[in-house]
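Structure file target22.cif (mmCIF, C-alpha atoms) is printed below.
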data_start
#
loop_
_atom_site.group_PDB
_atom_site.id
_atom_site.type_symbol
_atom_site.label_atom_id
_atom_site.label_comp_id
_atom_site.auth_asym_id
_atom_site.auth_seq_id
_atom_site.Cartn_x
_atom_site.Cartn_y
_atom_site.Cartn_z
ATOM 1 C CA MET V 1 106.527 68.972 122.892
ATOM 2 C CA THR V 2 103.139 68.631 124.588
ATOM 3 C CA ILE V 3 101.373 69.850 121.453
ATOM 4 C CA VAL V 4 103.230 67.273 119.358
ATOM 5 C CA ALA V 5 102.187 64.563 121.825
ATOM 6 C CA ILE V 6 98.543 65.637 121.673
ATOM 7 C CA VAL V 7 98.480 65.776 117.862
ATOM 8 C CA CYS V 8 100.200 62.385 117.533
ATOM 9 C CA GLY V 9 97.844 60.856 120.077
ATOM 10 C CA ALA V 10 94.808 62.218 118.250
ATOM 11 C CA LEU V 11 96.054 60.874 114.895
ATOM 12 C CA LEU V 12 96.797 57.446 116.357
ATOM 13 C CA SER V 13 93.437 57.178 118.114
ATOM 14 C CA GLY V 14 91.751 58.264 114.875
ATOM 15 C CA ALA V 15 93.567 55.447 113.071
ATOM 16 C CA ALA V 16 92.501 52.945 115.760
ATOM 17 C CA ILE V 17 88.851 54.052 115.590
ATOM 18 C CA LEU V 18 88.793 53.883 111.772
ATOM 19 C CA ALA V 19 90.300 50.392 111.901
ATOM 20 C CA LEU V 20 87.593 49.323 114.364
ATOM 21 C CA VAL V 21 84.925 50.766 112.039
ATOM 22 C CA ARG V 22 86.255 48.589 109.226
ATOM 23 C CA ALA V 23 86.435 45.571 111.532
ATOM 24 C CA GLU V 24 82.752 46.052 112.359
ATOM 25 C CA ARG V 25 81.646 46.646 108.753
ATOM 26 C CA GLY V 26 84.120 44.414 106.924
ATOM 27 C CA PRO V 27 82.177 42.197 104.545
ATOM 28 C CA SER V 28 84.554 39.258 105.003
ATOM 29 C CA MET V 29 86.866 37.759 107.596
ATOM 30 C CA LEU V 30 89.929 38.907 105.638
ATOM 31 C CA ASP V 31 88.865 42.571 105.750
ATOM 32 C CA ARG V 32 88.541 42.214 109.509
ATOM 33 C CA THR V 33 92.005 40.668 109.673
ATOM 34 C CA ILE V 34 93.495 43.662 107.876
ATOM 35 C CA ALA V 35 91.558 46.072 110.080
ATOM 36 C CA LEU V 36 92.773 44.374 113.257
ATOM 37 C CA ASP V 37 96.331 44.465 111.898
ATOM 38 C CA VAL V 38 96.004 48.239 111.492
ATOM 39 C CA PHE V 39 94.503 48.434 114.986
ATOM 40 C CA VAL V 40 97.393 46.546 116.588
ATOM 41 C CA THR V 41 99.909 48.746 114.775
ATOM 42 C CA ALA V 42 98.094 51.821 116.107
ATOM 43 C CA ILE V 43 98.465 50.376 119.615
ATOM 44 C CA VAL V 44 102.179 49.786 118.986
ATOM 45 C CA GLY V 45 102.419 53.423 117.859
ATOM 46 C CA ALA V 46 100.676 54.552 121.032
ATOM 47 C CA VAL V 47 103.131 52.594 123.204
ATOM 48 C CA VAL V 48 106.062 54.130 121.284
ATOM 49 C CA LEU V 49 104.568 57.607 121.695
ATOM 50 C CA GLU V 50 104.054 57.159 125.425
ATOM 51 C CA SER V 51 107.599 55.939 125.946
ATOM 52 C CA ALA V 52 109.010 58.746 123.783
ATOM 53 C CA PHE V 53 107.340 61.445 125.835
ATOM 54 C CA SER V 54 107.693 60.008 129.335
ATOM 55 C CA GLY V 55 111.187 58.611 128.742
ATOM 56 C CA ARG V 56 110.390 55.174 130.194
ATOM 57 C CA THR V 57 111.809 52.239 128.270
ATOM 58 C CA ASP V 58 110.378 49.255 130.156
ATOM 59 C CA THR V 59 107.364 49.029 127.819
ATOM 60 C CA LEU V 60 109.483 48.316 124.736
ATOM 61 C CA PRO V 61 109.324 44.474 124.942
ATOM 62 C CA LEU V 62 105.568 44.957 124.496
ATOM 63 C CA LEU V 63 106.254 46.144 120.953
ATOM 64 C CA VAL V 64 107.956 42.893 119.993
ATOM 65 C CA VAL V 65 105.148 40.839 121.517
ATOM 66 C CA LEU V 66 102.385 42.908 119.895
ATOM 67 C CA SER V 67 103.877 42.717 116.407
ATOM 68 C CA LEU V 68 104.391 38.953 116.825
ATOM 69 C CA VAL V 69 100.769 38.466 117.883
ATOM 70 C CA ALA V 70 99.468 40.573 115.001
ATOM 71 C CA PHE V 71 101.515 38.592 112.479
ATOM 72 C CA VAL V 72 100.532 35.169 113.800
ATOM 73 C CA GLY V 73 96.869 36.204 114.017
ATOM 74 C CA SER V 74 96.540 37.505 110.481
ATOM 75 C CA VAL V 75 98.459 34.600 108.953
ATOM 76 C CA THR V 76 96.336 32.073 110.844
ATOM 77 C CA ILE V 77 93.040 33.631 109.772
ATOM 78 C CA ALA V 78 94.246 33.945 106.171
ATOM 79 C CA ARG V 79 95.355 30.304 106.183
ATOM 80 C CA PHE V 80 91.925 29.073 107.239
ATOM 81 C CA ALA V 81 89.865 31.489 105.136
ATOM 82 C CA ALA V 82 87.002 29.712 103.399
ATOM 83 C CA VAL V 83 84.433 30.729 100.821
ATOM 84 C CA GLU V 84 81.688 32.520 102.729
ATOM 85 C CA PRO V 85 78.119 32.522 101.441
ATOM 86 C CA GLU V 86 76.789 35.914 100.358
ATOM 87 C CA GLY V 87 75.853 38.040 103.388
ATOM 88 C CA GLU V 88 77.456 35.632 105.837
ATOM 89 C CA GLY V 89 79.880 38.190 107.254
ATOM 90 C CA ARG V 90 77.129 40.687 108.079
ATOM 91 C CA VAL V 91 76.046 41.346 111.652
ATOM 92 C CA ARG V 92 72.320 40.501 111.781
ATOM 93 C CA THR V 93 69.670 42.704 113.344
ATOM 94 C CA VAL V 94 67.575 41.643 116.343
ATOM 95 C CA GLU V 95 64.469 41.038 114.200
ATOM 96 C CA GLU V 96 66.336 38.783 111.786
ATOM 97 C CA ILE V 97 67.742 36.717 114.645
ATOM 98 C CA ALA V 98 64.244 36.429 116.177
ATOM 99 C CA THR V 99 62.664 35.179 112.931
ATOM 100 C CA GLU V 100 65.498 32.713 112.368
ATOM 101 C CA GLU V 101 65.187 31.347 115.891
ATOM 102 C CA ALA V 102 61.422 31.014 115.534
ATOM 103 C CA ALA V 103 61.899 29.024 112.319
ATOM 104 C CA LEU V 104 64.500 26.837 114.030
ATOM 105 C CA ARG V 105 62.185 26.167 116.990
ATOM 106 C CA ARG V 106 59.313 25.243 114.666
ATOM 107 C CA ALA V 107 61.591 22.798 112.827
ATOM 108 C CA GLU V 108 62.697 21.274 116.131
ATOM 109 C CA ASP V 109 59.090 20.825 117.281
ATOM 110 C CA GLU V 110 58.204 19.100 114.021
ATOM 111 C CA ALA V 111 61.212 16.827 114.341
ATOM 112 C CA LEU V 112 60.165 15.912 117.896
ATOM 113 C CA LEU V 113 56.632 15.116 116.714
ATOM 114 C CA ASP V 114 58.006 12.908 113.936
ATOM 115 C CA GLU V 115 60.242 11.106 116.397
ATOM 116 C CA ALA V 116 57.345 10.495 118.775
ATOM 117 C CA ARG V 117 55.351 9.044 115.911
ATOM 118 C CA LEU V 118 58.233 6.759 114.913
ATOM 119 C CA GLU V 119 59.008 5.629 118.439
ATOM 120 C CA GLN V 120 55.693 3.820 118.914
ATOM 121 C CA PRO V 121 57.035 0.315 118.354
ATOM 122 C CA LEU V 122 55.301 -2.347 116.362
ATOM 123 C CA PRO V 123 53.789 -5.141 118.496
ATOM 124 C CA ASP V 124 56.044 -7.831 116.935
ATOM 125 C CA GLU V 125 59.187 -5.993 117.874
ATOM 126 C CA LYS V 126 58.065 -5.681 121.493
ATOM 127 C CA GLU V 127 57.627 -9.439 121.855
ATOM 128 C CA GLU V 128 61.049 -10.152 120.328
ATOM 129 C CA ARG V 129 62.756 -7.843 122.768
ATOM 130 C CA SER V 130 61.188 -9.387 125.911
ATOM 131 C CA MET H 1 121.252 75.249 120.201
ATOM 132 C CA THR H 2 122.747 71.992 121.354
ATOM 133 C CA TRP H 3 122.558 68.688 119.537
ATOM 134 C CA THR H 4 119.961 67.362 122.001
ATOM 135 C CA THR H 5 117.548 70.094 120.909
ATOM 136 C CA VAL H 6 118.147 69.189 117.268
ATOM 137 C CA ALA H 7 117.525 65.520 118.065
ATOM 138 C CA ASP H 8 114.330 66.388 119.942
ATOM 139 C CA VAL H 9 112.992 68.451 117.034
ATOM 140 C CA ALA H 10 113.856 65.667 114.569
ATOM 141 C CA ALA H 11 112.149 63.170 116.900
ATOM 142 C CA ALA H 12 109.024 65.322 117.040
ATOM 143 C CA LEU H 13 108.930 65.562 113.230
ATOM 144 C CA CYS H 14 109.400 61.796 112.870
ATOM 145 C CA LEU H 15 106.651 61.095 115.421
ATOM 146 C CA LEU H 16 104.250 63.477 113.665
ATOM 147 C CA ALA H 17 104.951 61.953 110.250
ATOM 148 C CA GLY H 18 104.584 58.438 111.619
ATOM 149 C CA ALA H 19 101.308 59.194 113.358
ATOM 150 C CA PHE H 20 100.017 60.854 110.181
ATOM 151 C CA LEU H 21 100.891 57.769 108.102
ATOM 152 C CA ALA H 22 99.161 55.515 110.634
ATOM 153 C CA PHE H 23 96.084 57.740 110.370
ATOM 154 C CA ALA H 24 96.299 57.562 106.553
ATOM 155 C CA ALA H 25 96.332 53.768 106.812
ATOM 156 C CA GLY H 26 93.182 53.915 108.953
ATOM 157 C CA VAL H 27 91.412 56.177 106.453
ATOM 158 C CA GLY H 28 92.456 53.906 103.581
ATOM 159 C CA VAL H 29 91.205 50.792 105.349
ATOM 160 C CA VAL H 30 87.781 52.391 105.828
ATOM 161 C CA ARG H 31 87.367 54.106 102.470
ATOM 162 C CA PHE H 32 88.916 51.782 99.867
ATOM 163 C CA PRO H 33 86.422 49.670 97.942
ATOM 164 C CA ASP H 34 87.835 46.136 97.918
ATOM 165 C CA LEU H 35 90.082 43.725 99.756
ATOM 166 C CA LEU H 36 93.303 44.244 97.800
ATOM 167 C CA SER H 37 93.308 48.034 98.040
ATOM 168 C CA ARG H 38 92.477 47.824 101.746
ATOM 169 C CA MET H 39 95.374 45.431 102.160
ATOM 170 C CA HIS H 40 97.595 47.936 100.367
ATOM 171 C CA ALA H 41 96.545 50.652 102.824
ATOM 172 C CA GLY H 42 97.008 48.316 105.758
ATOM 173 C CA THR H 43 100.541 47.258 104.909
ATOM 174 C CA LYS H 44 102.627 49.872 103.106
ATOM 175 C CA PRO H 45 101.850 53.225 104.813
ATOM 176 C CA GLN H 46 101.420 51.340 108.046
ATOM 177 C CA VAL H 47 104.945 49.887 108.047
ATOM 178 C CA LEU H 48 106.545 53.188 107.011
ATOM 179 C CA GLY H 49 104.564 55.002 109.714
ATOM 180 C CA LEU H 50 105.640 52.512 112.356
ATOM 181 C CA ILE H 51 109.304 52.809 111.311
ATOM 182 C CA LEU H 52 109.071 56.617 111.494
ATOM 183 C CA LEU H 53 107.568 56.354 114.986
ATOM 184 C CA LEU H 54 110.378 54.017 116.061
ATOM 185 C CA MET H 55 112.974 56.431 114.616
ATOM 186 C CA GLY H 56 111.401 59.265 116.581
ATOM 187 C CA GLU H 57 111.535 57.182 119.733
ATOM 188 C CA ALA H 58 115.207 56.309 119.129
ATOM 189 C CA LEU H 59 116.097 59.980 118.546
ATOM 190 C CA ARG H 60 114.283 60.963 121.713
ATOM 191 C CA VAL H 61 115.627 58.311 124.095
ATOM 192 C CA ARG H 62 119.226 58.186 122.709
ATOM 193 C CA ASN H 63 120.196 54.888 124.303
ATOM 194 C CA LEU H 64 122.035 52.050 122.591
ATOM 195 C CA GLN H 65 120.063 49.200 124.218
ATOM 196 C CA VAL H 66 116.755 50.841 123.344
ATOM 197 C CA LEU H 67 118.006 51.343 119.790
ATOM 198 C CA GLY H 68 118.726 47.614 119.516
ATOM 199 C CA MET H 69 115.181 46.751 120.612
ATOM 200 C CA LEU H 70 113.664 49.281 118.213
ATOM 201 C CA VAL H 71 115.725 47.988 115.281
ATOM 202 C CA LEU H 72 114.539 44.486 116.178
ATOM 203 C CA VAL H 73 110.896 45.619 116.026
ATOM 204 C CA ALA H 74 111.435 47.444 112.705
ATOM 205 C CA VAL H 75 113.214 44.481 111.086
ATOM 206 C CA PHE H 76 110.488 42.171 112.344
ATOM 207 C CA GLN H 77 107.784 44.392 110.815
ATOM 208 C CA LEU H 78 109.634 44.508 107.489
ATOM 209 C CA MET H 79 109.907 40.720 107.475
ATOM 210 C CA THR H 80 106.365 39.852 108.545
ATOM 211 C CA ALA H 81 104.224 42.497 106.810
ATOM 212 C CA PRO H 82 104.887 41.133 103.262
ATOM 213 C CA VAL H 83 104.219 37.566 104.434
ATOM 214 C CA ALA H 84 100.931 38.497 106.086
ATOM 215 C CA ALA H 85 99.862 40.591 103.083
ATOM 216 C CA HIS H 86 100.731 37.761 100.719
ATOM 217 C CA MET H 87 98.719 35.257 102.749
ATOM 218 C CA VAL H 88 95.703 37.573 102.927
ATOM 219 C CA GLY H 89 95.868 38.362 99.203
ATOM 220 C CA ARG H 90 96.164 34.725 98.224
ATOM 221 C CA ALA H 91 93.313 33.666 100.491
ATOM 222 C CA GLY H 92 91.211 36.548 99.130
ATOM 223 C CA TYR H 93 91.874 35.523 95.542
ATOM 224 C CA ARG H 94 91.089 31.870 96.211
ATOM 225 C CA THR H 95 87.857 32.611 98.031
ATOM 226 C CA GLY H 96 86.674 35.016 95.337
ATOM 227 C CA LYS H 97 86.939 38.296 97.211
ATOM 228 C CA VAL H 98 89.036 40.019 94.543
ATOM 229 C CA ARG H 99 86.886 42.252 92.342
ATOM 230 C CA SER H 100 88.304 41.775 88.869
ATOM 231 C CA ASP H 101 86.422 44.828 87.548
ATOM 232 C CA LEU H 102 88.651 47.025 89.731
ATOM 233 C CA LEU H 103 91.897 45.441 88.550
ATOM 234 C CA GLU H 104 93.954 47.090 85.795
ATOM 235 C CA VAL H 105 96.098 43.999 85.244
ATOM 236 C CA ASP H 106 95.011 40.508 86.286
ATOM 237 C CA GLU H 107 97.683 38.187 84.974
ATOM 238 C CA LEU H 108 96.895 35.356 87.377
ATOM 239 C CA THR H 109 93.321 34.963 86.084
ATOM 240 C CA GLU H 110 94.527 35.215 82.465
ATOM 241 C CA ASP H 111 97.101 32.501 83.053
ATOM 242 C CA GLN H 112 94.612 30.284 84.830
ATOM 243 C CA VAL H 113 92.015 30.670 82.080
ATOM 244 C CA ALA H 114 94.710 29.931 79.491
ATOM 245 C CA GLY H 115 95.642 26.878 81.523
ATOM 246 C CA GLY H 116 92.082 25.562 81.363
ATOM 247 C CA ALA H 117 90.604 26.747 84.660
ATOM 248 C CA VAL H 118 86.905 27.538 84.961
ATOM 249 C CA ARG H 119 85.137 30.185 86.978
ATOM 250 C CA VAL H 120 82.997 29.016 89.934
ATOM 251 C CA SER H 121 80.886 32.009 90.975
ATOM 252 C CA ARG H 122 83.761 34.420 91.626
ATOM 253 C CA ALA H 123 86.466 31.999 92.704
ATOM 254 C CA ILE H 124 88.766 30.141 90.353
ATOM 255 C CA VAL H 125 88.767 26.354 90.527
ATOM 256 C CA ALA H 126 91.279 24.319 88.594
ATOM 257 C CA GLN H 127 89.843 22.115 85.868
ATOM 258 C CA PRO H 128 90.578 18.385 86.303
ATOM 259 C CA VAL H 129 93.483 17.182 84.249
ATOM 260 C CA ARG H 130 91.604 14.136 82.961
ATOM 261 C CA PRO H 131 88.002 15.129 82.136
ATOM 262 C CA ASP H 132 86.806 11.516 82.619
ATOM 263 C CA ASP H 133 87.974 11.454 86.251
ATOM 264 C CA ASP H 134 84.635 11.360 88.077
ATOM 265 C CA SER H 135 85.846 12.318 91.558
ATOM 266 C CA VAL H 136 87.357 15.569 90.342
ATOM 267 C CA VAL H 137 84.429 16.486 88.118
ATOM 268 C CA ASP H 138 82.098 16.055 91.101
ATOM 269 C CA ALA H 139 83.944 18.801 92.952
ATOM 270 C CA THR H 140 83.041 21.285 90.202
ATOM 271 C CA ARG H 141 79.395 20.268 89.902
ATOM 272 C CA ASP H 142 77.969 23.701 90.681
ATOM 273 C CA VAL H 143 79.916 25.381 87.915
ATOM 274 C CA THR H 144 78.254 28.394 86.375
ATOM 275 C CA ASP H 145 80.039 30.660 83.946
ATOM 276 C CA VAL H 146 79.851 34.438 84.050
ATOM 277 C CA ASP H 147 77.193 34.446 81.336
ATOM 278 C CA GLY H 148 75.221 31.573 82.815
ATOM 279 C CA GLN H 149 76.504 28.823 80.532
ATOM 280 C CA ASP H 150 78.052 25.599 81.660
ATOM 281 C CA PRO H 151 81.697 25.821 80.608
ATOM 282 C CA ARG H 152 82.496 22.202 81.326
ATOM 283 C CA PRO H 153 83.483 20.130 78.332
ATOM 284 C CA ALA H 154 80.640 17.872 77.230
#

Any chance you could give the structure as C-alpha cells?
Amino acid sequence: MTIVAIVCGALLSGAAILALVRAERGPSMLDRTIALDVFVTAIVGAVVLESAFSGRTDTLPLLVVLSLVAFVGSVTIARFAAVEPEGEGRVRTVEEIATEEAALRRAEDEALLDEARLEQPLPDEKEERS
Amino acid sequence: MTWTTVADVAAALCLLAGAFLAFAAGVGVVRFPDLLSRMHAGTKPQVLGLILLLMGEALRVRNLQVLGMLVLVAVFQLMTAPVAAHMVGRAGYRTGKVRSDLLEVDELTEDQVAGGAVRVSRAIVAQPVRPDDDSVVDATRDVTDVDGQDPRPA
C-alpha cells in the first residue's frame, strides 16, 4: 500500500508541475486557464489520495469547494477573454522592462516640458482673471 | 482472502490508474501544440482520472456518507467540465487562437465564410448585413485577408 501511495503521489505531483510549466509558458490567457484547471484537479487528486491512505474523511468537503472554484475561475476568464496583441502573453525579461521604462520616462519628461511651455499664460488672460 | 482485501486491491488499482491519467493530462497540456488539443488533454483524461481516484477512495473508505459526497463531486465534474471546455473553446475561436492549419475539419469557419464573414487577422468577424451601414463597417476597418487583399465589397 505504501508503494502505491508513493507512486500515485509522484504521478500527481508530476501532473501539477507540468501544469505549472504550461501556466508559465502559455502563450495566451486561455492556455493558462486550462493549465490551472489541470493543476486544481491534481490538488483534488492529492486530497483524495491522502484521505484514501490515512482513512480521514473530514477533508472531503474541500473537494466540492475546489472543483467549484476551478469551474467558476475558468468560465470567468473564458467569458472575458479578449484579442491579445502578438507577444502580449509573454513574460518580459529584465532588460526589456528597463528599456520600456526608460522610454516611458523620456515621454513623461517631454510631456512635462510641453506643459510648462503651455502654462505660461498670455498677458491678456492674466488681466481678465484678476 | 476476505472481501476487504479485494476491495483494497481494487482501490489501489483505481488510484494508480487515476493518478496515471492525471499525469497524462499534465503531459498533454505541456506538449500539445495549440489551444484546442491542450483543452482536450485538460478535460477528458482529467475527468476520467478524477473519477477513478474517487472510485478508489470510495472502495478504500467503504462508508455510505463518504460515497454520497464522492458521487456529488464526480457528478459535479461531469456537469462542469464540458461547460468550461465549451467556454474556453468558443473564446479561443473568437479571439483567433485556433490554428486552422492543425484542424482536419473546420465546419464553423466554412459556414461563416459561406454566410459572408470575413477574416480579420486570425479571428472571424461577421460581415455587416447592410454594407452601407457606416457604423458597422467602421468596426471592420482594419480588415486584411489572408493573401493581403481587402475582401470588403467595394

task: Within 8 Å of chain V, which residues of chain H are there when counting all atoms listed in the file? Please give them as a VMD selection string.
output: chain H and resid 12 15 to 16 19 to 20 22 to 27 29 to 30 35 38 to 39 42 46 50 53 to 54 56 to 57 60 to 61 66 69 to 70 72 to 73 76 to 77 80 to 81 83 to 84 87 to 88 91 to 92 95 to 96

task: Grab the atom CA of Arg62 of chain H to atom CA of Ala17 of chain H distance for me, in Å with one decimal place.
output: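 Atom CA of Ala17 of chain H lies at a distance of 19.3 Å from atom CA of Arg62 of chain H.
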
Two-atom distance - atom CA of Met55 of chain H, atom CA of Ala11 of chain H (Å): 7.2 Å

task: Have a look at atom CA of Ser100 of chain H and atom CA of Ala114 of chain H and let me know their distance in Å, one decimal.
output: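 So the answer is 16.4 Å.
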
Taking all atoms of segment 46-57 of chain V that the file lists and extending 4 Å past them on each side, where is the centre of the axis-aligned box and how long are its edges? Answer in Å to one decimal, as lines of an AutoDock Vina configuration file.
center_x = 106.2
center_y = 56.8
center_z = 125.6
size_x = 19.1
size_y = 17.2
size_z = 17.2
